[in-house]
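Q: The structure file query_31.txt (compact mmCIF, C-alpha atoms) is provided below.
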# COMPACT_ATOMS: atom_id res chain seq x y z
CA MET B 1 -17.00 16.95 -1.53
CA PHE B 2 -13.64 17.84 -3.07
CA GLU B 3 -12.26 15.80 -5.95
CA VAL B 4 -9.14 13.70 -5.60
CA HIS B 5 -7.19 12.49 -8.60
CA VAL B 6 -4.03 10.42 -8.80
CA LEU B 7 -1.43 11.02 -11.50
CA ARG B 8 0.90 8.10 -12.13
CA LEU B 9 4.07 9.32 -13.84
CA GLY B 10 6.62 7.48 -15.93
CA HIS B 11 4.80 4.25 -16.62
CA ARG B 12 6.87 1.69 -18.55
CA VAL B 13 4.93 -1.04 -20.33
CA SER B 14 7.59 -3.67 -19.85
CA ARG B 15 8.33 -3.09 -16.17
CA ASP B 16 5.48 -1.30 -14.42
CA GLN B 17 2.28 -2.99 -15.47
CA ARG B 18 1.62 -4.62 -12.13
CA ILE B 19 2.67 -1.71 -9.94
CA SER B 20 0.78 0.83 -12.07
CA SER B 21 -2.27 -1.41 -11.95
CA HIS B 22 -1.95 -1.57 -8.16
CA VAL B 23 -1.70 2.23 -8.01
CA ALA B 24 -4.98 2.51 -9.93
CA LEU B 25 -6.80 -0.13 -7.88
CA VAL B 26 -5.69 1.49 -4.64
CA ALA B 27 -6.77 4.93 -5.91
CA ARG B 28 -10.23 3.55 -6.67
CA ALA B 29 -10.63 1.40 -3.56
CA HIS B 30 -9.54 4.22 -1.27
CA GLY B 31 -11.87 6.92 -2.48
CA ALA B 32 -10.09 8.81 -5.26
CA ASP B 33 -12.23 9.93 -8.19
CA GLY B 34 -9.86 8.86 -10.90
CA VAL B 35 -6.41 7.89 -12.08
CA ILE B 36 -4.42 9.54 -14.85
CA PHE B 37 -1.58 7.52 -16.34
CA SER B 38 1.42 9.07 -18.01
CA GLY B 39 4.66 7.72 -19.44
CA GLN B 40 4.31 5.00 -22.04
CA TYR B 41 0.81 4.49 -23.39
CA ASP B 42 -0.42 1.08 -22.23
CA GLN B 43 -3.75 0.01 -23.64
CA ARG B 44 -3.78 -3.28 -21.75
CA LEU B 45 -3.33 -1.45 -18.44
CA LEU B 46 -6.12 1.03 -19.19
CA ARG B 47 -8.43 -1.77 -20.26
CA SER B 48 -7.76 -3.90 -17.18
CA VAL B 49 -8.48 -1.02 -14.79
CA ARG B 50 -11.66 -0.10 -16.69
CA GLU B 51 -12.78 -3.73 -16.46
CA VAL B 52 -12.44 -3.56 -12.68
CA VAL B 53 -14.61 -0.44 -12.64
CA ALA B 54 -17.21 -2.16 -14.84
CA ARG B 55 -17.33 -5.23 -12.59
CA TRP B 56 -16.88 -3.70 -9.14
CA GLY B 57 -18.50 -0.29 -9.62
CA GLY B 58 -17.62 3.35 -9.72
CA PRO B 59 -17.66 6.16 -10.51
CA PHE B 60 -13.91 6.16 -11.20
CA SER B 61 -12.30 7.77 -14.22
CA VAL B 62 -9.33 6.18 -16.01
CA SER B 63 -7.37 8.26 -18.48
CA TYR B 64 -3.99 8.71 -20.12
CA VAL B 65 -2.09 11.93 -20.84
CA ALA B 66 1.09 12.26 -22.84
CA ASP B 67 1.82 15.77 -21.60
CA TRP B 68 1.62 15.47 -17.82
CA ARG B 69 3.12 18.93 -17.24
CA ARG B 70 0.21 20.48 -19.09
CA LYS B 71 -2.24 18.31 -17.14
CA ILE B 72 -0.79 19.46 -13.81
CA LYS B 73 -0.98 23.09 -14.90
CA GLU B 74 -4.55 22.58 -16.10
CA LEU B 75 -5.61 21.15 -12.73
CA LYS B 76 -3.78 23.91 -10.87
CA GLY B 77 -5.82 26.33 -12.99
CA GLN B 78 -8.90 24.54 -11.63
CA ASN B 79 -7.70 25.26 -8.09
CA PHE B 80 -6.28 21.80 -7.38
CA PHE B 81 -3.67 21.47 -4.63
CA VAL B 82 -0.77 19.36 -5.94
CA LEU B 83 0.80 16.90 -3.54
CA VAL B 84 3.92 15.01 -4.63
CA SER B 85 4.37 11.62 -2.97
CA THR B 86 8.06 11.19 -2.12
CA MET B 87 10.01 9.72 0.78
CA TYR B 88 11.87 13.04 1.12
CA GLY B 89 8.74 15.07 1.88
CA ILE B 90 6.95 16.12 5.06
CA ASN B 91 5.88 13.03 6.98
CA LEU B 92 2.11 12.47 6.79
CA PRO B 93 1.37 13.08 10.50
CA ASP B 94 2.95 16.54 10.13
CA ALA B 95 1.21 17.27 6.82
CA ILE B 96 -2.29 15.94 7.36
CA ALA B 97 -3.78 19.02 9.05
CA GLU B 98 -2.78 21.24 6.14
CA ILE B 99 -3.98 18.72 3.54
CA ARG B 100 -7.36 18.43 5.26
CA GLU B 101 -7.72 22.19 5.51
CA VAL B 102 -6.73 22.80 1.90
CA THR B 103 -9.07 20.11 0.58
CA GLU B 104 -12.09 21.65 2.29
CA THR B 105 -12.21 24.10 -0.58
CA ARG B 106 -9.85 22.75 -3.27
CA GLY B 107 -9.40 19.61 -5.32
CA LEU B 108 -6.38 17.40 -4.68
CA LEU B 109 -3.96 15.91 -7.18
CA ILE B 110 -1.59 13.28 -5.80
CA ILE B 111 1.44 12.57 -7.98
CA VAL B 112 2.92 9.09 -7.73
CA GLY B 113 6.21 8.56 -9.53
CA SER B 114 7.92 5.52 -10.88
CA GLU B 115 11.64 4.72 -10.37
CA LYS B 116 12.85 8.27 -10.87
CA MET B 117 10.77 11.43 -10.65
CA PRO B 118 11.50 14.13 -13.28
CA PRO B 119 13.01 17.02 -11.25
CA ASP B 120 10.54 19.65 -12.45
CA VAL B 121 7.66 17.74 -10.85
CA TYR B 122 8.79 19.21 -7.57
CA GLU B 123 8.56 22.73 -8.99
CA LEU B 124 5.02 22.13 -10.19
CA GLY B 125 3.89 20.60 -6.90
CA ASP B 126 2.70 22.52 -3.84
CA MET B 127 4.02 20.13 -1.22
CA ASN B 128 6.11 16.98 -0.97
CA VAL B 129 4.57 14.42 1.35
CA ALA B 130 6.10 11.21 2.69
CA VAL B 131 4.70 8.30 4.62
CA THR B 132 7.45 7.36 7.14
CA ASN B 133 10.51 8.84 5.33
CA GLN B 134 11.67 5.25 4.95
CA PRO B 135 12.07 3.13 1.81
CA SER B 136 8.58 1.84 1.16
CA SER B 137 6.16 1.19 -1.68
CA GLU B 138 4.48 3.97 -3.65
CA VAL B 139 1.39 1.76 -3.68
CA ALA B 140 1.14 1.47 0.11
CA VAL B 141 2.08 5.13 0.54
CA LEU B 142 -0.81 6.16 -1.71
CA GLY B 143 -3.24 3.89 0.16
CA ILE B 144 -2.24 5.24 3.56
CA MET B 145 -2.38 8.87 2.37
CA LEU B 146 -5.91 8.38 1.04
CA ASP B 147 -6.90 6.51 4.19
CA TRP B 148 -5.75 9.42 6.36
CA ILE B 149 -7.30 12.04 4.06
CA PHE B 150 -10.68 10.29 4.14
CA GLY B 151 -10.32 9.38 7.81
CA GLY B 152 -10.85 5.66 7.18
CA LEU B 153 -14.43 6.28 6.03
CA GLU B 154 -13.49 5.26 2.49
CA LEU B 155 -12.99 1.69 3.75
CA SER B 156 -16.77 1.34 3.88
CA LYS B 157 -17.54 3.19 0.65
CA GLU B 158 -20.35 1.79 -1.49
CA PHE B 159 -19.67 1.70 -5.23
CA LYS B 160 -22.40 2.30 -7.78
CA ASP B 161 -23.45 -0.11 -10.52
CA ALA B 162 -21.30 -2.93 -9.17
CA ARG B 163 -21.94 -6.30 -10.76
CA LEU B 164 -19.93 -8.04 -8.04
CA ARG B 165 -20.08 -7.57 -4.31
CA ILE B 166 -18.38 -9.38 -1.44
CA ILE B 167 -20.18 -10.37 1.72
CA PRO B 168 -17.32 -10.31 4.25
CA GLN B 169 -16.57 -13.61 5.97
CA ARG B 170 -14.39 -14.49 8.93
CA LYS B 171 -13.50 -17.66 7.01
CA GLY B 172 -14.38 -18.56 3.42
CA LYS B 173 -15.58 -16.63 0.43
CA ASN B 174 -18.97 -15.17 -0.46
CA VAL B 175 -19.34 -13.15 -3.65
CA ILE B 176 -22.70 -11.98 -4.99
CA GLY B 177 -23.27 -11.22 -8.65
CA SER B 178 -21.60 -12.35 -11.84
CA MET M 1 5.10 -4.99 22.94
CA PHE M 2 3.74 -7.89 20.89
CA GLU M 3 5.67 -9.15 17.86
CA VAL M 4 4.29 -8.82 14.37
CA HIS M 5 5.61 -10.89 11.48
CA VAL M 6 4.57 -10.95 7.85
CA LEU M 7 4.57 -14.18 5.85
CA ARG M 8 4.67 -13.69 2.09
CA LEU M 9 3.39 -16.83 0.34
CA GLY M 10 3.94 -18.13 -3.16
CA HIS M 11 6.79 -15.90 -4.31
CA ARG M 12 7.80 -16.46 -7.95
CA VAL M 13 11.28 -15.26 -8.92
CA SER M 14 10.28 -14.31 -12.45
CA ARG M 15 7.09 -12.41 -11.67
CA ASP M 16 6.97 -11.23 -8.08
CA GLN M 17 10.33 -9.67 -7.30
CA ARG M 18 9.07 -6.13 -7.17
CA ILE M 19 5.79 -6.80 -5.37
CA SER M 20 7.46 -9.11 -2.83
CA SER M 21 10.13 -6.50 -2.26
CA HIS M 22 7.40 -3.91 -1.68
CA VAL M 23 5.69 -6.25 0.80
CA ALA M 24 8.93 -6.50 2.78
CA LEU M 25 9.66 -2.75 2.69
CA VAL M 26 6.13 -1.95 3.83
CA ALA M 27 6.36 -4.53 6.63
CA ARG M 28 9.58 -2.89 7.85
CA ALA M 29 8.49 0.74 7.38
CA HIS M 30 5.17 0.16 9.14
CA GLY M 31 6.44 -1.45 12.29
CA ALA M 32 6.50 -5.21 11.73
CA ASP M 33 9.41 -7.10 13.27
CA GLY M 34 10.22 -9.20 10.26
CA VAL M 35 9.25 -10.75 6.96
CA ILE M 36 9.29 -14.43 6.08
CA PHE M 37 9.31 -15.29 2.39
CA SER M 38 8.01 -18.55 0.99
CA GLY M 39 7.48 -19.92 -2.49
CA GLN M 40 10.53 -19.92 -4.74
CA TYR M 41 13.81 -19.19 -3.01
CA ASP M 42 15.09 -15.83 -4.25
CA GLN M 43 18.53 -14.87 -3.05
CA ARG M 44 18.49 -11.50 -4.82
CA LEU M 45 15.25 -10.53 -3.10
CA LEU M 46 16.56 -11.53 0.34
CA ARG M 47 19.78 -9.63 -0.28
CA SER M 48 18.06 -6.46 -1.46
CA VAL M 49 15.77 -6.32 1.59
CA ARG M 50 18.70 -7.00 3.94
CA GLU M 51 20.61 -4.17 2.27
CA VAL M 52 17.76 -1.80 3.04
CA VAL M 53 17.89 -2.88 6.69
CA ALA M 54 21.67 -2.34 6.76
CA ARG M 55 21.36 1.16 5.29
CA TRP M 56 18.15 2.42 6.84
CA GLY M 57 18.19 0.61 10.17
CA GLY M 58 16.32 -2.06 12.06
CA PRO M 59 15.80 -4.30 13.85
CA PHE M 60 13.96 -6.21 11.12
CA SER M 61 14.42 -9.90 10.39
CA VAL M 62 14.41 -11.27 6.85
CA SER M 63 14.09 -15.02 6.34
CA TYR M 64 12.96 -17.72 3.96
CA VAL M 65 11.04 -20.91 4.71
CA ALA M 66 10.32 -23.70 2.27
CA ASP M 67 7.67 -25.30 4.49
CA TRP M 68 5.32 -22.44 5.31
CA ARG M 69 2.68 -24.73 6.82
CA ARG M 70 5.16 -25.85 9.42
CA LYS M 71 6.15 -22.22 10.08
CA ILE M 72 2.54 -21.19 10.67
CA LYS M 73 2.04 -24.12 13.05
CA GLU M 74 5.26 -23.26 14.85
CA LEU M 75 4.16 -19.65 15.39
CA LYS M 76 0.69 -20.78 16.48
CA GLY M 77 2.48 -22.94 19.04
CA GLN M 78 4.14 -19.74 20.23
CA ASN M 79 0.70 -18.19 20.75
CA PHE M 80 0.65 -16.11 17.57
CA PHE M 81 -2.73 -15.02 16.19
CA VAL M 82 -2.83 -15.74 12.45
CA LEU M 83 -4.52 -13.18 10.25
CA VAL M 84 -4.99 -13.95 6.56
CA SER M 85 -5.11 -10.89 4.31
CA THR M 86 -7.82 -11.43 1.69
CA MET M 87 -10.46 -9.28 0.03
CA TYR M 88 -13.11 -11.80 1.12
CA GLY M 89 -12.46 -11.33 4.83
CA ILE M 90 -13.93 -9.11 7.54
CA ASN M 91 -13.40 -5.46 6.60
CA LEU M 92 -10.72 -3.83 8.76
CA PRO M 93 -13.04 -1.35 10.56
CA ASP M 94 -15.08 -4.35 11.79
CA ALA M 95 -12.01 -6.41 12.69
CA ILE M 96 -9.70 -3.88 14.29
CA ALA M 97 -11.11 -4.04 17.84
CA GLU M 98 -10.57 -7.81 18.00
CA ILE M 99 -7.10 -7.58 16.47
CA ARG M 100 -6.06 -4.92 18.98
CA GLU M 101 -7.44 -6.93 21.88
CA VAL M 102 -5.82 -10.18 20.79
CA THR M 103 -2.43 -8.55 20.22
CA GLU M 104 -2.31 -7.16 23.74
CA THR M 105 -1.21 -10.60 24.83
CA ARG M 106 -0.32 -12.52 21.64
CA GLY M 107 2.00 -12.16 18.69
CA LEU M 108 0.54 -11.52 15.25
CA LEU M 109 1.31 -13.24 11.97
CA ILE M 110 -0.09 -11.57 8.85
CA ILE M 111 -0.22 -13.80 5.78
CA VAL M 112 0.02 -12.04 2.42
CA GLY M 113 -0.58 -14.21 -0.62
CA SER M 114 0.44 -13.94 -4.21
CA GLU M 115 -1.91 -14.52 -7.18
CA LYS M 116 -3.66 -17.52 -5.68
CA MET M 117 -3.73 -18.51 -2.01
CA PRO M 118 -3.42 -22.27 -1.28
CA PRO M 119 -6.85 -23.21 0.16
CA ASP M 120 -5.50 -24.72 3.38
CA VAL M 121 -4.07 -21.34 4.41
CA TYR M 122 -7.59 -20.41 5.42
CA GLU M 123 -7.82 -23.48 7.66
CA LEU M 124 -4.57 -22.58 9.39
CA GLY M 125 -5.54 -18.93 9.90
CA ASP M 126 -7.63 -17.57 12.76
CA MET M 127 -9.34 -14.78 10.83
CA ASN M 128 -9.60 -13.47 7.27
CA VAL M 129 -9.26 -9.72 7.12
CA ALA M 130 -9.91 -7.38 4.17
CA VAL M 131 -9.26 -3.73 3.60
CA THR M 132 -12.33 -2.46 1.67
CA ASN M 133 -13.56 -5.79 0.17
CA GLN M 134 -12.64 -4.27 -3.18
CA PRO M 135 -9.93 -5.28 -5.67
CA SER M 136 -6.82 -3.61 -4.33
CA SER M 137 -3.15 -4.24 -3.81
CA GLU M 138 -1.81 -6.67 -1.22
CA VAL M 139 0.97 -4.15 -0.62
CA ALA M 140 -1.36 -1.27 0.26
CA VAL M 141 -3.63 -3.57 2.23
CA LEU M 142 -0.68 -4.66 4.38
CA GLY M 143 0.41 -1.06 4.93
CA ILE M 144 -3.05 0.08 5.99
CA MET M 145 -3.53 -2.93 8.30
CA LEU M 146 -0.25 -2.20 10.05
CA ASP M 147 -1.07 1.51 10.19
CA TRP M 148 -4.39 0.77 11.93
CA ILE M 149 -2.85 -1.84 14.25
CA PHE M 150 -0.14 0.58 15.38
CA GLY M 151 -2.54 3.53 15.36
CA GLY M 152 -0.35 5.58 13.02
CA LEU M 153 2.43 5.78 15.62
CA GLU M 154 4.66 3.61 13.42
CA LEU M 155 4.86 6.48 10.93
CA SER M 156 7.24 8.23 13.30
CA LYS M 157 9.22 5.15 14.35
CA GLU M 158 12.98 5.64 14.80
CA PHE M 159 15.14 2.86 13.40
CA LYS M 160 18.36 1.75 15.08
CA ASP M 161 21.80 1.75 13.48
CA ALA M 162 20.60 3.60 10.39
CA ARG M 163 23.40 4.83 8.12
CA LEU M 164 20.94 7.01 6.19
CA ARG M 165 18.31 9.35 7.52
CA ILE M 166 15.98 11.79 5.77
CA ILE M 167 15.30 15.26 7.08
CA PRO M 168 11.76 15.88 5.77
CA GLN M 169 11.39 18.83 3.39
CA ARG M 170 8.34 20.56 1.99
CA LYS M 171 10.33 20.85 -1.25
CA GLY M 172 13.66 19.29 -2.12
CA LYS M 173 15.73 16.48 -0.67
CA ASN M 174 17.86 16.25 2.44
CA VAL M 175 19.52 12.95 3.32
CA ILE M 176 22.06 12.59 6.12
CA GLY M 177 24.66 9.81 6.13
CA SER M 178 26.21 7.67 3.46
Rewrite the coordinates I just gave you, this time as structure tokens.
A:
Amino acid sequence: MFEVHVLRLGHRVSRDQRISSHVALVARAHGADGVIFSGQYDQRLLRSVREVVARWGGPFSVSYVADWRRKIKELKGQNFFVLVSTMYGINLPDAIAEIREVTETRGLLIIVGSEKMPPDVYELGDMNVAVTNQPSSEVAVLGIMLDWIFGGLELSKEFKDARLRIIPQRKGKNVIGS
Amino acid sequence: MFEVHVLRLGHRVSRDQRISSHVALVARAHGADGVIFSGQYDQRLLRSVREVVARWGGPFSVSYVADWRRKIKELKGQNFFVLVSTMYGINLPDAIAEIREVTETRGLLIIVGSEKMPPDVYELGDMNVAVTNQPSSEVAVLGIMLDWIFGGLELSKEFKDARLRIIPQRKGKNVIGS
């Protein structure tokens, strides 16, 4: 199976903690292999995501890079296809066939920006992809992209070494573990 | 076509502006007919979402209710099915058939909570639904629910009276209008 990583650009400690945390949780829940944060270094954010992995299972890697350009180039050198998530890109229904084909043999890096994307990201990327071409949320866009890429199968993924597990209920709450 | 509305509970002006805004944008972009905010009244939030509708098109209703219990009961009286979004609920793949069947003849209200859901929400709802039963983001969960409910067709929805429109590009940016 190909590897999928999510690169979150431009994190700001003061403003983005919640959204960046959501990006990471969505990456994990929807089948990506890891998240790479860039922008301001945020130990609290890294720790909180790693705690989720420890409690709810993995594998899921959580890392930080200062030099994201180098990281992108490094992954391209490892034959990763680089998809930039932006509302200006090709709408997912028109992009999905190519993404699925490419990822049969190559890894996938999905770049998720913050308020403003540095312009050279687009030069480094292979393809800009949108979900709806409407103002939306980078968090939901990431979730829907991953859901389409994995064909919904990731919704039933089992995580390893989970200390906590939910038994789904029509009403009420049933959690096993501690 | 059945109506779908999203009720965002427990908004806090100081903490939730961005996430609540994302909830509304995702509701609009993914085919819901409107968002109803509850919790603290937040004029700036209402205005910013209405501005998006004015620029990018609609129809999409944006409202605030102080008494959300009454609103839920009112919509139930109008034959709405009430789905509560929670990680403890039935996982979407196991719930989707029933949701699709129910919404052939009934409206749908999707309740999206904030940090903590008031316990009586669950009593008022018809069904708790999860997306993955893993820690995730309420924003992505909403987007994926709507995407499954509308079968992905909402990704190509045309909005009326849009002043701005994006022409999708593999690289670069092309926006028509002003």
Q: Return the neighbours of chain M among the residues of chain B, cut-off 7 Å, counting all atoms listed in the file, as a ChimeraX atom specification.
A: /B:22,25-26,29,88-91,122,127-128,131-137,139-140,143-144,155-156,166,168-171,173-174
Q: Just checking: using only C-alpha atoms, which residue out of M:Ser63, M:Val4, M:Gln17, M:Arg12 ends up closest to Gln40 in chain M?
A: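 Closest residue, counting only C-alpha atoms: M:Arg12.
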Q: Please list as a ChimeraX atom specification every residue within 8 Å of range 104-111 of chain M, counting all atoms listed in the file and excluding residues in the same chain fewer than 5 positions away.
A: /M:1-9,75,79-85
Q: Tell me, in Å to one decimal, how far CA of Ser20 in chain B is from CA of Gly113 in chain B.
A: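 Computing it gives 9.8 Å between the two atoms.
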Q: Have a look at B:Val121, B:Val49, B:Arg55, B:Asp33 and name the one nearest to Ile72 in chain B; count all atoms listed in the file.
A: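 For Ile72 in chain B, the nearest of the given residues is B:Val121.
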Q: One number please: CA of Lys76 in chain B to CA of Arg100 in chain B, in Å, one decimal.
A: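 For CA of Lys76 in chain B relative to CA of Arg100 in chain B, the distance reads 17.4 Å.
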Q: Any idea what the distance is between CA of Leu45 in chain M and CA of Lys116 in chain B?
A: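 Atom-to-atom, CA of Leu45 in chain M to CA of Lys116 in chain B, that is 20.5 Å.
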